[in-house]
Amino acid sequence: MIKVENLTVKFQDTVVLDNLNLEIKTSNWTSIVGPNGAGKTTLLKTLLGMTSYSGSVSFNGKEVYKDLSRNVAFVPQRPIVPIGMTVIEYLTLGRAKVDGWGKELRRGRIFIEETLETMQLVGLQDRFATQLSGGELQRVLLARAIVQEPQVILLDEPTSALDLQYQIRTMDQIEILKNQGVTVVTTMHDITLSNMYSEWIAVMKNGSVLLEGVSDEVISSPQLREAFDNSISVHTLESGKKVVVAARAESGRRDSNPRP
Amino acid sequence: MNNKTVTAEFKPIWNLRITLITALVLVLVAILAISIGPVALTFQEIVRTFFAMEGGLTGRERTLLLEIRLPRVVLGALVGAALATSGAVYQTVFRNPLADPYLLGTAAGAGLGATIAITSAGTSFNPALPIFAFIGGSAAVAATFLVSGRYFSNPGVLLLSGIAIGAFASAIQIYLQQRNTEVLRPVYSWILGQLTVSDWNNVLWAALYIFLSLIILFRISKLLDGLMLSDEEAFSLGISPNKIRIIAVVAATMATATAVSVSGLIGFVGIIVPHIIKGITRRVTNRALPTIALAGAAFLVLADLGARTLIAPAELPIGVITAFIGAPFFLFILRTTKGGLK
């Protein structure tokens with residue numbers, strides 16, 4: 001379990017995270033949603049252990065700041081794709097945590113090859129990562145995190161660069177990880193998608209958690225609209241599924257694009 | 001799925017055979033460079049002299065081998081290894097395939113140091129020149145870090161600071177030259193690079209610093225690969241990116257400043273050699289650093305051989321040779337490897 005208590009993060013004089021409290025359950029999928037500038041990415045980086053903070057962020061009772069011993073994978077929203085690096089070399093780097101830097105163990109290679117298959121990347125392994133399409137690259141990024149065999153995987157907007165079909169595929173892959181026991185934390189713009197996959201949703205605004213809870217409850221809560229300044233509306237489909245769409249101040253038009 | 005075996009062609013990312021082949025090339029090139037000159041020495045004579053066997057060289061030829069050709073080849077190899085390795089390291093640290101070892105003001109700082117040494121001692125060769133160049137180069141890099149302040153981990157900021165510091169040092173250097181026009185020629189010839197003043201003292205002095213830097217860089221070479229990812233990914237894989245970055249830049253700068261101080265500014269080596277190795281192997285891993293060092297050494301020894309034989313008895317500046325043969329070869333590799341730079 002990751003326990004966040006009274007977490008405050010400042011960049012110079014700007015308070016980015018303000019007295020934030022949150023519990024992230026092991027082997028669960030927690031989505032962090034909220035408007036731009038709410039501090040979602042900063043929270044994710046703090047959970048990773050890279051950002052200094054006051055308050056407490058503990059993973060199984062140990063403070064995370066600068067703790068390099070945990071195996072936490074991070075999938076950035078805007079990746080840095082090394083020029084001239086092939087997919088296989090990129091994925092091999094992902095084994096560094098488990099196998100050691102510069103080591104190429106048989107077990108690692110088998111794991112990489114299996115991941116190439118499950119992520120539908122077979123045939124791309126000798127291509128340069130910079131020459132991949134957006135969807136392929138996103139799968140490679142996720143594959144790089146998967147071969148790390150992490151306890152926790154943090155994903156910053158994993159679907160933001162993808163068309164709808166790949167969004168679902170990516171989310172399905174992440175769900176497989178979760179079912180294998182990995183703790184998943186994602187920041188998401190798309191609340192509908194978050195609700196479809198995650199058990200727990202935390203809604204952030206202005207650096208703190210405005211509300212959190214079981215996904216279905218959060219999505220039905222009136223406070224959710226408040227977090228987005230009433231610019232969203234929630235609709236229930238015939239199947240009983242709830243969708244969140246962007247809404248004009250009053251009308252809440254059904255035909256608007258659900259992606260914010 | 002778990003009992004699946006690795007497919008037949010398990011090609012490891014990095015293969016030590018490449019390193020061994022490069023080492024062999026260096027040895028051959030070095031022997032070639034030692035044997036060729038106004039007085040030709042045979043392979044047998046050279047080997048017999050090295051191993052103190054019967055039939056070795058004596059007298060003037062022995063002095064020629066041990067005191068003139070050998071130190072020059074060794075110095076060339078050291079400088080080439082230093083420049084190529086630091087180039088590769090800078091390219092990783094700054095995530096920029098065009099980063100070269102003279103970045104961060106090293107070259108301009110060293111140039112200023114050399115100019116000060118030459119202007120204060122007149123046109124005769126000045127034994128303090130390497131020391132002044134080393135101090136100038138290191139001071140410029142220190143200044144670059146200082147003005148970058150807390151943003152030093154941002155490659156862009158560090159790079160721009162280096163350019164600004166370099167421009168400042170160059171301005172002072174040009175001012176000094178204009179005030180002392182009689183030193184224009186020696187300063188200019190130093191800038192073009194030369195390995196002509198190599199006696200063993202110079203070589204040993206350079207070897208000490210270059211070996212120290214290279215050992216540090218080789219030791220962290222595997223971790224350097226993490227710096228090619230985002231800082232978050234690197235951290236999540238268990239390394240502290242800023243720490244590695246500082247160690248890498250300091251060691252690479254020490255190697256560069258040493259190389260510049262003994263040989264002047266020899267361009268292209270730091271960009272071309274790493275890319276040739278990366279192009280041939282289709283790998284960007286820093287596990288290639290020892291190979292890049294060996295290749296850089298071979299490249300510069302070969303270039304120096306050209307510099308002193310092509311228009312013998314006169315000598316060409318080695319910087320001209322490195323650019324002249326390096327640039328076309330580099331373009332050839334770039335084209336045939338289908339743009340590893342894309």
# chains A, B, ... in the order shown; residues from 1 in each chain; ligands from 1
$ residues_around --residues "Val81 of chain A" --least-positions-apart "5" --cutoff "8 Å" --atoms "only C-alpha atoms" --output "tab-separated table (two decimals) with all heavy atoms, in the first residue's frame"
chain	number	residue	atom	x	y	z
A	129	ALA	N	13.36	3.30	-32.69
A	129	ALA	CA	12.18	3.74	-31.92
A	129	ALA	C	11.63	5.06	-32.45
A	129	ALA	O	10.42	5.31	-32.38
A	129	ALA	CB	12.55	3.87	-30.44
A	130	THR	N	12.53	5.88	-33.01
A	130	THR	CA	12.09	7.19	-33.51
A	130	THR	C	11.26	7.07	-34.78
A	130	THR	O	10.61	8.02	-35.19
A	130	THR	CB	13.30	8.08	-33.83
A	130	THR	OG1	14.30	7.28	-34.46
A	130	THR	CG2	13.88	8.71	-32.59
B	228	MET	N	19.82	8.15	-21.50
B	228	MET	CA	19.18	8.33	-22.80
B	228	MET	C	17.66	8.30	-22.67
B	228	MET	O	16.95	8.75	-23.54
B	228	MET	CB	19.65	7.24	-23.77
B	228	MET	CG	21.11	7.43	-24.15
B	228	MET	SD	21.61	6.40	-25.53
B	228	MET	CE	21.96	4.88	-24.69
B	229	LEU	N	17.18	7.76	-21.54
B	229	LEU	CA	15.74	7.75	-21.28
B	229	LEU	C	15.37	9.04	-20.57
B	229	LEU	O	16.23	9.88	-20.30
B	229	LEU	CB	15.38	6.55	-20.41
B	229	LEU	CG	15.86	5.18	-20.91
B	229	LEU	CD1	15.63	4.12	-19.84
B	229	LEU	CD2	15.15	4.82	-22.19
$ residues_around --residues "Val74 of chain B" --least-positions-apart "6" --cutoff "10 Å" --atoms "only C-alpha atoms" --output "number ranges by chain"
B: 30, 34, 80, 198, 200, 203-204, 207, 297, 301
$ closest_atom_pairs --of "chain A" --to "chain B" --cutoff "6 Å" --atoms "only C-alpha atoms" --output "Markdown table"
| residue | atom | partner | partner_atom | distance |
| --- | --- | --- | --- | --- |
| A:Leu68 | CA | B:Gly238 | CA | 4.9 |
| A:Val72 | CA | B:Ser236 | CA | 5.7 |
| A:Ala73 | CA | B:Ser236 | CA | 5.5 |
| A:Phe74 | CA | B:Glu233 | CA | 5.7 |
| A:Ile80 | CA | B:Ser230 | CA | 5.5 |
| A:Pro82 | CA | B:Met228 | CA | 5.7 |
| A:Gly84 | CA | B:Gly340 | CA | 4.6 |
| A:Met85 | CA | B:Val284 | CA | 5.8 |
| A:Lys97 | CA | B:Leu237 | CA | 4.9 |
| A:Trp101 | CA | B:Lys222 | CA | 5.6 |
| A:Gly102 | CA | B:Lys222 | CA | 5.3 |
| A:Ile110 | CA | B:Val6 | CA | 5.6 |
$ residues_around --residues "segment 100-111 of chain B" --least-positions-apart "5" --cutoff "9 Å" --atoms "only C-alpha atoms" --output "CSV table (one decimal) with all heavy atoms, in the first residue's frame"
chain,number,residue,atom,x,y,z
B,83,LEU,N,39.1,12.1,-27.1
B,83,LEU,CA,38.2,12.9,-27.8
B,83,LEU,C,37.0,12.0,-28.2
B,83,LEU,O,35.8,12.5,-28.1
B,83,LEU,CB,38.8,13.5,-29.0
B,83,LEU,CG,39.9,14.6,-28.7
B,83,LEU,CD1,40.5,15.1,-30.1
B,83,LEU,CD2,39.3,15.8,-27.9
B,84,ALA,N,37.2,10.8,-28.7
B,84,ALA,CA,36.1,10.0,-29.2
B,84,ALA,C,35.2,9.6,-28.0
B,84,ALA,O,34.0,9.7,-28.1
B,84,ALA,CB,36.6,8.8,-29.9
B,85,THR,N,35.8,9.2,-26.9
B,85,THR,CA,35.0,8.8,-25.7
B,85,THR,C,34.2,10.0,-25.2
B,85,THR,O,33.0,9.8,-24.9
B,85,THR,CB,35.9,8.2,-24.6
B,85,THR,OG1,36.8,7.2,-25.2
B,85,THR,CG2,35.1,7.5,-23.6
B,86,SER,N,34.9,11.1,-25.0
B,86,SER,CA,34.1,12.2,-24.4
B,86,SER,C,33.0,12.7,-25.4
B,86,SER,O,32.0,13.1,-24.9
B,86,SER,CB,35.0,13.5,-24.1
B,86,SER,OG,36.3,13.2,-24.2
B,87,GLY,N,33.3,12.6,-26.7
B,87,GLY,CA,32.2,12.9,-27.6
B,87,GLY,C,31.0,12.0,-27.4
B,87,GLY,O,29.9,12.5,-27.3
B,88,ALA,N,31.2,10.7,-27.3
B,88,ALA,CA,30.1,9.8,-27.2
B,88,ALA,C,29.4,10.1,-25.9
B,88,ALA,O,28.2,10.0,-25.8
B,88,ALA,CB,30.7,8.3,-27.2
B,89,VAL,N,30.2,10.4,-24.8
B,89,VAL,CA,29.5,10.7,-23.5
B,89,VAL,C,28.7,11.9,-23.6
B,89,VAL,O,27.6,12.0,-23.1
B,89,VAL,CB,30.6,10.8,-22.4
B,89,VAL,CG1,30.0,11.3,-21.1
B,89,VAL,CG2,31.3,9.4,-22.2
B,90,TYR,N,29.3,13.0,-24.2
B,90,TYR,CA,28.5,14.2,-24.3
B,90,TYR,C,27.2,14.0,-25.1
B,90,TYR,O,26.2,14.6,-24.8
B,90,TYR,CB,29.3,15.3,-25.0
B,90,TYR,CG,30.3,16.1,-24.1
B,90,TYR,CD1,31.5,16.5,-24.5
B,90,TYR,CD2,29.9,16.3,-22.7
B,90,TYR,CE1,32.4,17.2,-23.7
B,90,TYR,CE2,30.8,17.0,-21.9
B,90,TYR,CZ,32.1,17.4,-22.4
B,90,TYR,OH,32.9,18.1,-21.6
B,91,GLN,N,27.3,13.2,-26.2
B,91,GLN,CA,26.1,13.0,-27.0
B,91,GLN,C,25.0,12.3,-26.1
B,91,GLN,O,23.9,12.6,-26.3
B,91,GLN,CB,26.5,12.1,-28.2
B,91,GLN,CG,27.2,12.9,-29.3
B,91,GLN,CD,28.3,12.2,-30.0
B,91,GLN,OE1,28.2,11.0,-30.1
B,91,GLN,NE2,29.3,12.9,-30.5
B,116,ILE,N,47.2,33.1,-23.8
B,116,ILE,CA,47.9,33.8,-22.7
B,116,ILE,C,49.3,33.3,-22.6
B,116,ILE,O,50.3,34.0,-22.4
B,116,ILE,CB,47.1,33.6,-21.4
B,116,ILE,CG1,45.8,34.3,-21.5
B,116,ILE,CG2,47.9,34.1,-20.2
B,116,ILE,CD1,44.8,34.1,-20.4
B,130,PRO,N,50.7,23.7,-22.3
B,130,PRO,CA,49.6,22.7,-22.0
B,130,PRO,C,48.9,23.0,-20.7
B,130,PRO,O,47.7,22.8,-20.5
B,130,PRO,CB,50.4,21.3,-21.9
B,130,PRO,CG,51.7,21.6,-22.7
B,130,PRO,CD,52.0,23.0,-22.6
B,132,PHE,N,48.5,25.9,-19.2
B,132,PHE,CA,47.6,27.0,-19.4
B,132,PHE,C,46.4,26.6,-20.1
B,132,PHE,O,45.3,27.0,-19.7
B,132,PHE,CB,48.3,28.2,-20.1
B,132,PHE,CG,49.1,29.1,-19.2
B,132,PHE,CD1,50.3,28.6,-18.6
B,132,PHE,CD2,48.7,30.4,-19.0
B,132,PHE,CE1,51.0,29.5,-17.7
B,132,PHE,CE2,49.4,31.2,-18.2
B,132,PHE,CZ,50.5,30.8,-17.5
B,133,ALA,N,46.6,25.8,-21.1
B,133,ALA,CA,45.4,25.3,-21.9
B,133,ALA,C,44.5,24.5,-21.0
B,133,ALA,O,43.2,24.6,-21.1
B,133,ALA,CB,45.8,24.5,-23.1
B,134,PHE,N,45.0,23.6,-20.2
B,134,PHE,CA,44.2,22.8,-19.4
B,134,PHE,C,43.5,23.6,-18.4
B,134,PHE,O,42.3,23.4,-18.2
B,134,PHE,CB,45.2,21.8,-18.6
B,134,PHE,CG,44.4,20.8,-17.7
B,134,PHE,CD1,43.8,19.7,-18.3
B,134,PHE,CD2,44.4,21.0,-16.4
B,134,PHE,CE1,43.1,18.8,-17.5
B,134,PHE,CE2,43.7,20.1,-15.6
B,134,PHE,CZ,43.0,19.0,-16.1
B,135,ILE,N,44.1,24.6,-17.7
B,135,ILE,CA,43.5,25.4,-16.8
B,135,ILE,C,42.4,26.2,-17.5
B,135,ILE,O,41.2,26.3,-17.0
B,135,ILE,CB,44.5,26.4,-16.1
B,135,ILE,CG1,45.4,25.6,-15.2
B,135,ILE,CG2,43.8,27.5,-15.3
B,135,ILE,CD1,46.6,26.4,-14.7
B,136,GLY,N,42.7,26.8,-18.6
B,136,GLY,CA,41.7,27.6,-19.4
B,136,GLY,C,40.4,26.7,-19.7
B,136,GLY,O,39.3,27.2,-19.5
B,137,GLY,N,40.7,25.5,-20.2
B,137,GLY,CA,39.6,24.7,-20.6
B,137,GLY,C,38.7,24.3,-19.4
B,137,GLY,O,37.5,24.4,-19.4
B,138,SER,N,39.4,23.9,-18.3
B,138,SER,CA,38.6,23.5,-17.1
B,138,SER,C,37.9,24.7,-16.5
B,138,SER,O,36.7,24.5,-16.0
B,138,SER,CB,39.5,22.9,-16.0
B,138,SER,OG,40.4,22.0,-16.7
B,139,ALA,N,38.5,25.8,-16.5
B,139,ALA,CA,37.9,27.0,-15.9
B,139,ALA,C,36.6,27.4,-16.7
B,139,ALA,O,35.6,27.7,-16.1
B,139,ALA,CB,38.9,28.2,-15.9
B,140,ALA,N,36.7,27.2,-18.0
B,140,ALA,CA,35.5,27.6,-18.9
B,140,ALA,C,34.4,26.6,-18.5
B,140,ALA,O,33.2,27.1,-18.4
B,140,ALA,CB,35.9,27.5,-20.3
B,141,VAL,N,34.7,25.3,-18.4
B,141,VAL,CA,33.6,24.4,-18.0
B,141,VAL,C,33.0,24.7,-16.7
B,141,VAL,O,31.8,24.7,-16.4
B,141,VAL,CB,34.1,22.9,-18.1
B,141,VAL,CG1,33.1,22.0,-17.7
B,141,VAL,CG2,34.5,22.6,-19.5
B,142,ALA,N,33.9,25.0,-15.7
B,142,ALA,CA,33.4,25.4,-14.4
B,142,ALA,C,32.5,26.6,-14.4
B,142,ALA,O,31.4,26.6,-13.8
B,142,ALA,CB,34.6,25.6,-13.4
B,143,ALA,N,32.9,27.6,-15.3
B,143,ALA,CA,32.1,28.8,-15.4
B,143,ALA,C,30.7,28.4,-16.0
B,143,ALA,O,29.7,28.9,-15.6
B,143,ALA,CB,32.8,29.8,-16.3
B,144,THR,N,30.8,27.5,-17.0
B,144,THR,CA,29.5,27.1,-17.7
B,144,THR,C,28.6,26.5,-16.6
B,144,THR,O,27.4,26.8,-16.6
B,144,THR,CB,29.8,26.0,-18.8
B,144,THR,OG1,30.7,26.6,-19.7
B,144,THR,CG2,28.6,25.5,-19.4
B,145,PHE,N,29.1,25.6,-15.8
B,145,PHE,CA,28.2,25.0,-14.7
B,145,PHE,C,27.7,26.1,-13.8
B,145,PHE,O,26.6,26.1,-13.3
B,145,PHE,CB,29.0,24.0,-13.9
B,145,PHE,CG,28.8,22.6,-14.5
B,145,PHE,CD1,29.6,22.1,-15.5
B,145,PHE,CD2,27.8,21.8,-14.0
B,145,PHE,CE1,29.4,20.9,-16.1
B,145,PHE,CE2,27.6,20.5,-14.5
B,145,PHE,CZ,28.4,20.1,-15.6
B,158,LEU,N,22.5,24.0,-20.2
B,158,LEU,CA,24.0,23.8,-20.0
B,158,LEU,C,24.7,24.1,-21.4
B,158,LEU,O,25.7,24.7,-21.4
B,158,LEU,CB,24.2,22.3,-19.6
B,158,LEU,CG,25.6,22.1,-19.0
B,158,LEU,CD1,25.9,23.0,-17.9
B,158,LEU,CD2,25.7,20.6,-18.5
B,159,LEU,N,24.0,23.6,-22.4
B,159,LEU,CA,24.6,23.8,-23.8
B,159,LEU,C,24.7,25.3,-24.1
B,159,LEU,O,25.7,25.7,-24.6
B,159,LEU,CB,23.7,23.1,-24.8
B,159,LEU,CG,24.3,22.3,-25.9
B,159,LEU,CD1,23.7,20.9,-26.0
B,159,LEU,CD2,24.2,23.0,-27.2
B,160,LEU,N,23.6,26.0,-23.9
B,160,LEU,CA,23.6,27.4,-24.2
B,160,LEU,C,24.6,28.2,-23.3
B,160,LEU,O,25.3,29.1,-23.8
B,160,LEU,CB,22.2,28.0,-24.1
B,160,LEU,CG,21.2,27.5,-25.1
B,160,LEU,CD1,19.8,28.0,-24.8
B,160,LEU,CD2,21.7,28.0,-26.5
B,161,SER,N,24.7,27.8,-22.1
B,161,SER,CA,25.7,28.4,-21.2
B,161,SER,C,27.1,28.2,-21.7
B,161,SER,O,27.9,29.1,-21.7
B,161,SER,CB,25.6,27.9,-19.8
B,161,SER,OG,24.3,28.0,-19.3
B,162,GLY,N,27.3,27.0,-22.2
B,162,GLY,CA,28.6,26.7,-22.8
B,162,GLY,C,29.0,27.5,-24.0
B,162,GLY,O,30.1,28.0,-24.1
B,163,ILE,N,28.0,27.7,-24.8
B,163,ILE,CA,28.2,28.5,-26.0
B,163,ILE,C,28.5,30.0,-25.6
B,163,ILE,O,29.4,30.6,-26.1
B,163,ILE,CB,26.9,28.5,-26.9
B,163,ILE,CG1,26.9,27.1,-27.5
B,163,ILE,CG2,27.0,29.5,-28.0
B,163,ILE,CD1,25.6,26.8,-28.3
B,164,ALA,N,27.8,30.5,-24.6
B,164,ALA,CA,28.0,31.9,-24.2
B,164,ALA,C,29.4,32.0,-23.6
B,164,ALA,O,30.1,33.0,-23.9
B,164,ALA,CB,26.9,32.3,-23.2
B,165,ILE,N,29.7,31.1,-22.7
B,165,ILE,CA,31.1,31.2,-22.1
B,165,ILE,C,32.2,31.1,-23.1
B,165,ILE,O,33.2,31.8,-23.1
B,165,ILE,CB,31.2,30.0,-21.0
B,165,ILE,CG1,30.3,30.3,-19.8
B,165,ILE,CG2,32.7,29.9,-20.5
B,165,ILE,CD1,30.7,31.5,-18.9
B,166,GLY,N,31.9,30.2,-24.1
B,166,GLY,CA,32.9,30.0,-25.2
B,166,GLY,C,33.1,31.3,-26.0
B,166,GLY,O,34.2,31.7,-26.3
B,167,ALA,N,31.9,31.9,-26.3
B,167,ALA,CA,32.0,33.2,-27.0
B,167,ALA,C,32.8,34.2,-26.3
B,167,ALA,O,33.6,35.0,-26.8
B,167,ALA,CB,30.6,33.7,-27.3
B,168,PHE,N,32.6,34.3,-24.9
B,168,PHE,CA,33.2,35.3,-24.1
B,168,PHE,C,34.8,35.0,-24.1
B,168,PHE,O,35.5,35.9,-24.3
B,168,PHE,CB,32.7,35.1,-22.7
B,168,PHE,CG,33.1,36.2,-21.8
B,168,PHE,CD1,32.7,37.5,-21.9
B,168,PHE,CD2,34.0,36.0,-20.7
B,168,PHE,CE1,33.1,38.5,-21.1
B,168,PHE,CE2,34.4,37.0,-19.9
B,168,PHE,CZ,34.0,38.3,-20.0
B,169,ALA,N,35.1,33.7,-23.9
B,169,ALA,CA,36.6,33.4,-23.9
B,169,ALA,C,37.2,33.7,-25.3
B,169,ALA,O,38.3,34.2,-25.3
B,169,ALA,CB,36.7,31.9,-23.5
B,170,SER,N,36.5,33.4,-26.3
B,170,SER,CA,37.0,33.7,-27.7
B,170,SER,C,37.2,35.2,-27.9
B,170,SER,O,38.2,35.6,-28.5
B,170,SER,CB,36.0,33.2,-28.8
B,170,SER,OG,35.9,31.8,-28.7
B,173,GLN,N,40.3,36.1,-26.2
B,173,GLN,CA,41.4,35.6,-27.0
B,173,GLN,C,41.8,36.4,-28.2
B,173,GLN,O,42.9,36.8,-28.5
B,173,GLN,CB,41.1,34.1,-27.4
B,173,GLN,CG,42.3,33.4,-28.1
B,173,GLN,CD,41.9,32.2,-28.8
B,173,GLN,OE1,40.8,31.6,-28.5
B,173,GLN,NE2,42.6,31.9,-29.8
B,187,VAL,N,49.6,30.9,-32.4
B,187,VAL,CA,48.3,30.6,-31.9
B,187,VAL,C,47.4,29.9,-32.9
B,187,VAL,O,46.8,28.8,-32.6
B,187,VAL,CB,47.6,31.9,-31.4
B,187,VAL,CG1,46.1,31.6,-31.1
B,187,VAL,CG2,48.2,32.5,-30.2
B,190,TRP,N,48.5,26.3,-33.3
B,190,TRP,CA,48.1,25.5,-32.2
B,190,TRP,C,46.6,25.2,-32.3
B,190,TRP,O,46.2,24.0,-32.0
B,190,TRP,CB,48.3,26.3,-30.9
B,190,TRP,CG,48.0,25.5,-29.7
B,190,TRP,CD1,48.7,24.6,-29.0
B,190,TRP,CD2,46.7,25.5,-29.0
B,190,TRP,NE1,48.1,24.0,-28.0
B,190,TRP,CE2,46.8,24.6,-27.9
B,190,TRP,CE3,45.5,26.2,-29.1
B,190,TRP,CZ2,45.8,24.3,-27.1
B,190,TRP,CZ3,44.5,26.0,-28.3
B,190,TRP,CH2,44.6,25.1,-27.2
B,191,ILE,N,45.8,26.1,-32.8
B,191,ILE,CA,44.4,25.9,-32.9
B,191,ILE,C,44.1,24.8,-33.9
B,191,ILE,O,43.2,24.0,-33.7
B,191,ILE,CB,43.7,27.2,-33.3
B,191,ILE,CG1,43.5,28.1,-32.1
B,191,ILE,CG2,42.3,26.9,-33.9
B,191,ILE,CD1,43.0,29.5,-32.4
B,252,ALA,N,34.5,13.5,-18.7
B,252,ALA,CA,34.7,13.7,-20.1
B,252,ALA,C,35.4,15.0,-20.3
B,252,ALA,O,36.3,15.2,-21.2
B,252,ALA,CB,33.4,13.7,-20.8
B,253,THR,N,35.1,16.0,-19.5
B,253,THR,CA,35.8,17.3,-19.6
B,253,THR,C,37.3,17.2,-19.3
B,253,THR,O,38.1,17.8,-20.0
B,253,THR,CB,35.1,18.4,-18.7
B,253,THR,OG1,33.8,18.5,-19.1
B,253,THR,CG2,35.8,19.7,-18.9
B,256,THR,N,38.9,15.7,-22.3
B,256,THR,CA,39.0,16.7,-23.4
B,256,THR,C,40.0,17.8,-23.1
B,256,THR,O,40.9,18.1,-24.0
B,256,THR,CB,37.6,17.3,-23.6
B,256,THR,OG1,36.7,16.3,-23.8
B,256,THR,CG2,37.7,18.2,-24.8
B,257,ALA,N,40.0,18.3,-21.9
B,257,ALA,CA,40.9,19.4,-21.6
B,257,ALA,C,42.4,18.9,-21.7
B,257,ALA,O,43.2,19.7,-22.2
B,257,ALA,CB,40.6,20.0,-20.2
B,260,VAL,N,43.2,18.6,-25.4
B,260,VAL,CA,43.4,19.9,-26.1
B,260,VAL,C,44.7,20.5,-25.6
B,260,VAL,O,45.4,21.0,-26.5
B,260,VAL,CB,42.2,20.8,-25.7
B,260,VAL,CG1,42.5,22.2,-26.1
B,260,VAL,CG2,40.9,20.3,-26.3
B,261,SER,N,45.0,20.3,-24.4
B,261,SER,CA,46.2,21.0,-23.9
B,261,SER,C,47.5,20.4,-24.5
B,261,SER,O,48.5,21.1,-24.6
B,261,SER,CB,46.3,20.9,-22.4
B,261,SER,OG,46.5,19.6,-21.9
B,264,GLY,N,46.3,20.7,-29.1
B,264,GLY,CA,45.5,21.8,-29.7
B,264,GLY,C,44.1,21.3,-30.1
B,264,GLY,O,43.6,20.3,-29.5
B,265,LEU,N,43.4,22.0,-31.0
B,265,LEU,CA,42.1,21.6,-31.3
B,265,LEU,C,42.0,20.7,-32.5
B,265,LEU,O,42.2,21.1,-33.6
B,265,LEU,CB,41.2,22.9,-31.5
B,265,LEU,CG,41.2,23.8,-30.4
B,265,LEU,CD1,40.4,25.1,-30.7
B,265,LEU,CD2,40.6,23.2,-29.1
B,267,GLY,N,39.5,18.7,-34.6
B,267,GLY,CA,38.1,18.6,-34.7
B,267,GLY,C,37.6,17.2,-35.2
B,267,GLY,O,38.4,16.4,-35.7
B,268,PHE,N,36.3,17.0,-35.2
B,268,PHE,CA,35.6,15.9,-35.8
B,268,PHE,C,35.7,14.6,-35.1
B,268,PHE,O,34.8,13.8,-35.2
B,268,PHE,CB,36.0,15.8,-37.3
B,268,PHE,CG,35.4,16.9,-38.2
B,268,PHE,CD1,36.2,18.0,-38.4
B,268,PHE,CD2,34.2,16.7,-38.8
B,268,PHE,CE1,35.7,19.0,-39.2
B,268,PHE,CE2,33.7,17.7,-39.6
B,268,PHE,CZ,34.4,18.9,-39.8
B,269,VAL,N,36.8,14.3,-34.5
B,269,VAL,CA,37.0,13.0,-33.9
B,269,VAL,C,35.9,12.6,-33.0
B,269,VAL,O,35.3,11.5,-33.0
B,269,VAL,CB,38.4,12.9,-33.1
B,269,VAL,CG1,38.6,11.5,-32.6
B,269,VAL,CG2,39.5,13.4,-34.0
B,270,GLY,N,35.5,13.5,-32.1
B,270,GLY,CA,34.5,13.3,-31.1
B,270,GLY,C,33.1,13.1,-31.7
B,270,GLY,O,32.2,12.5,-31.0
B,271,ILE,N,32.8,13.6,-32.9
B,271,ILE,CA,31.5,13.4,-33.5
B,271,ILE,C,31.6,12.1,-34.4
B,271,ILE,O,30.7,11.3,-34.3
B,271,ILE,CB,31.1,14.6,-34.3
B,271,ILE,CG1,30.8,15.7,-33.3
B,271,ILE,CG2,29.9,14.3,-35.1
B,271,ILE,CD1,30.3,17.0,-34.0
$ residues_around --residues "Thr26 of chain A" --least-positions-apart "6" --cutoff "9 Å" --atoms "only C-alpha atoms" --output "ChimeraX atom specification"
/A:1-2,151-152,181-184
$ write_last_selection --atoms "C-alpha atoms" --output "mmCIF file, in the first residue's frame"
data_model
loop_
_atom_site.group_PDB
_atom_site.id
_atom_site.type_symbol
_atom_site.label_atom_id
_atom_site.label_comp_id
_atom_site.auth_asym_id
_atom_site.auth_seq_id
_atom_site.Cartn_x
_atom_site.Cartn_y
_atom_site.Cartn_z
ATOM 1 C CA MET A 1 0.000 0.000 0.000
ATOM 2 C CA ILE A 2 1.119 3.510 -0.782
ATOM 3 C CA GLN A 151 5.500 -3.900 -8.216
ATOM 4 C CA VAL A 152 3.919 -0.594 -9.069
ATOM 5 C CA GLY A 181 -0.872 -8.244 -8.972
ATOM 6 C CA VAL A 182 0.769 -5.011 -10.086
ATOM 7 C CA THR A 183 -0.430 -1.820 -8.417
ATOM 8 C CA VAL A 184 -1.495 0.589 -11.146
#
$ atom_distance --atom1 "atom CA of Ile31 of chain B" --atom2 "atom CA of Met254 of chain B"
28.2 Å
$ residues_around --residues "Met188 of chain A" --least-positions-apart "2" --cutoff "8 Å" --atoms "only C-alpha atoms" --output "list of chain:residue names"
A:Ser31, A:Ile32, A:Val33, A:Gly34, A:Asp156, A:Glu157, A:Pro158, A:Thr159, A:Thr186, A:Asp190, A:Ile191, A:Ser194
$ write_last_selection --atoms "C-alpha atoms" --output "PDB file, in the first residue's frame"
ATOM      1  CA  SER A  31      -6.970   6.748 -11.514  1.00  0.00           C
ATOM      2  CA  ILE A  32      -6.083  10.325 -10.768  1.00  0.00           C
ATOM      3  CA  VAL A  33      -8.296  12.668 -12.719  1.00  0.00           C
ATOM      4  CA  GLY A  34      -8.726  16.400 -12.690  1.00  0.00           C
ATOM      5  CA  ASP A 156       1.123   9.566 -17.030  1.00  0.00           C
ATOM      6  CA  GLU A 157      -1.782   9.944 -19.466  1.00  0.00           C
ATOM      7  CA  PRO A 158      -1.191   6.567 -21.143  1.00  0.00           C
ATOM      8  CA  THR A 159      -3.927   7.080 -23.715  1.00  0.00           C
ATOM      9  CA  THR A 186      -2.673   6.408 -13.914  1.00  0.00           C
ATOM     10  CA  ASP A 190     -10.691  10.740 -19.774  1.00  0.00           C
ATOM     11  CA  ILE A 191     -12.942  10.071 -16.804  1.00  0.00           C
ATOM     12  CA  SER A 194     -10.913   5.719 -15.950  1.00  0.00           C
TER      13      SER A 194
END
